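In what follows, a single structure is set out as structure tokens and then discussed.
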Amino acid sequence: MYKIGLTGGIGSGKTRVADMLGEWGASIVDTDEIARALTLPGGAAMPALAREFGPGAVAADGSLDRAWMRERAFADPQARQRLEGILHPLIGHETERQAQAARGAYLVFVVPLLVESLPRWRPRLDRICVVDCDPDTQVARVRARSGLTEAAIRRIMAAQAARASRLEAADDIIVNDGATTPEQLRAQAKDLHDRWLTLASATGR
Ligand code: ADP
């Protein structure tokens, strides 16, 4: 199957683009969604996380206490490594399972940290598409959709790849900055969708 890696910083618009591609017939495997499902109440990662980090990591409803975990992971690189040591193999396994089951016109992996793990992802993908956005717009969008403070959002952004290195890895770029209307975003996504359909059928996979 023809494989696209879709990435971009937090708030860039990845999910919005992936939703449109899915509507038009692509199969979507969203690694962020997989990570979230693993840490919901009863999620497959919860027993190991509770064992590793203690009851403080678990919210009253049995899900991962994200605010607690975020603080720990930022303050202590070893805690971050332990967290990733639990989550990454589970995310990888479920990503693979969903990819095997996919039956769409082509397959889109939504991967927030794709550029941060480029050596692992590049050989698995036919193309990398970056949704590009200026930092101030990222902050404004994430503030509007979450309870995070500007400082917390900027800290997450600082831990992600720089805009320039993301663009360097891109085969295709969708511009979705503060001046981009939803219609303009949709038009860019549709152009790429059409191009990828052609490429997918030309490779016969
Ligand atoms: P990501 O998945 O990259 O974090 P999202 O797709 O969730 O980003 O987009 C972040 C927020 O910004 C969402 O609420 C989304 O609807 C909104 N958004 C994205 N692009 C635009 C745009 N061009 N115009 C208006 N709102 C947008």
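Following the order of the structure tokens, chains are lettered A, B, ..., residues in each are numbered from 1, and ligands are numbered from 1.
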
Run DSSP on the backbone and give me the residues of region 2-192 of chain A it puts in helix (DSSP H, G or I), as a ChimeraX atom specification.
/A:14-23,31-38,46-53,55-57,66-75,77-101,115-124,135-145,150-159,163-169,182-192

Per residue of region 72-133 of chain A within 12 Å of region 166-186 of chain A, what are the shortest atom pair and its distance in Å to one decimal, counting only C-alpha atoms, with rows by chain and residue number, as CSV?
residue,atom,partner,partner_atom,distance
A:Pro112,CA,A:Arg166,CA,10.6
A:Leu113,CA,A:Arg166,CA,9.6
A:Leu114,CA,A:Arg166,CA,8.7
A:Val115,CA,A:Arg166,CA,6.0
A:Glu116,CA,A:Arg166,CA,8.7
A:Ser117,CA,A:Arg166,CA,11.2
A:Leu118,CA,A:Ala169,CA,8.3
A:Pro119,CA,A:Ala169,CA,11.0
A:Trp121,CA,A:Ala169,CA,11.1
A:Arg122,CA,A:Ala169,CA,9.1
A:Leu125,CA,A:Asp171,CA,10.8
A:Asp126,CA,A:Asp171,CA,9.3
A:Arg127,CA,A:Asp171,CA,5.9
A:Ile128,CA,A:Ala170,CA,5.2
A:Cys129,CA,A:Asp172,CA,4.6
A:Val130,CA,A:Ile173,CA,4.9
A:Val131,CA,A:Ile174,CA,4.7
A:Asp132,CA,A:Val175,CA,5.0
A:Cys133,CA,A:Asp177,CA,4.3

Select, from A:Gly25, A:Gly62, A:Gly204, A:Pro135, the residue with the minimum atom-to-atom distance to ligand 1, counting only C-alpha atoms and all ligand atoms.
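Distance minimum relative to ligand 1 lands on A:Pro135.
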
So that I can see what lies close to Val29 (chain A), please list as JSON, numbers by chain the residues with an atom at most 12 Å from it, counting only C-alpha atoms and leaving out residues fewer than 5 positions away in the same chain.
{"A": [3, 4, 5, 6, 15, 18, 19, 21, 22, 34, 35, 91, 92, 94, 95, 96, 97, 98, 99, 100, 101, 102, 103, 104, 106, 107, 108, 109, 110, 111, 112]}

Which residue of A:Arg155, A:His93, A:Arg195, A:Lys190 approaches Ala75 (chain A) most closely, using only C-alpha atoms
A:Arg155
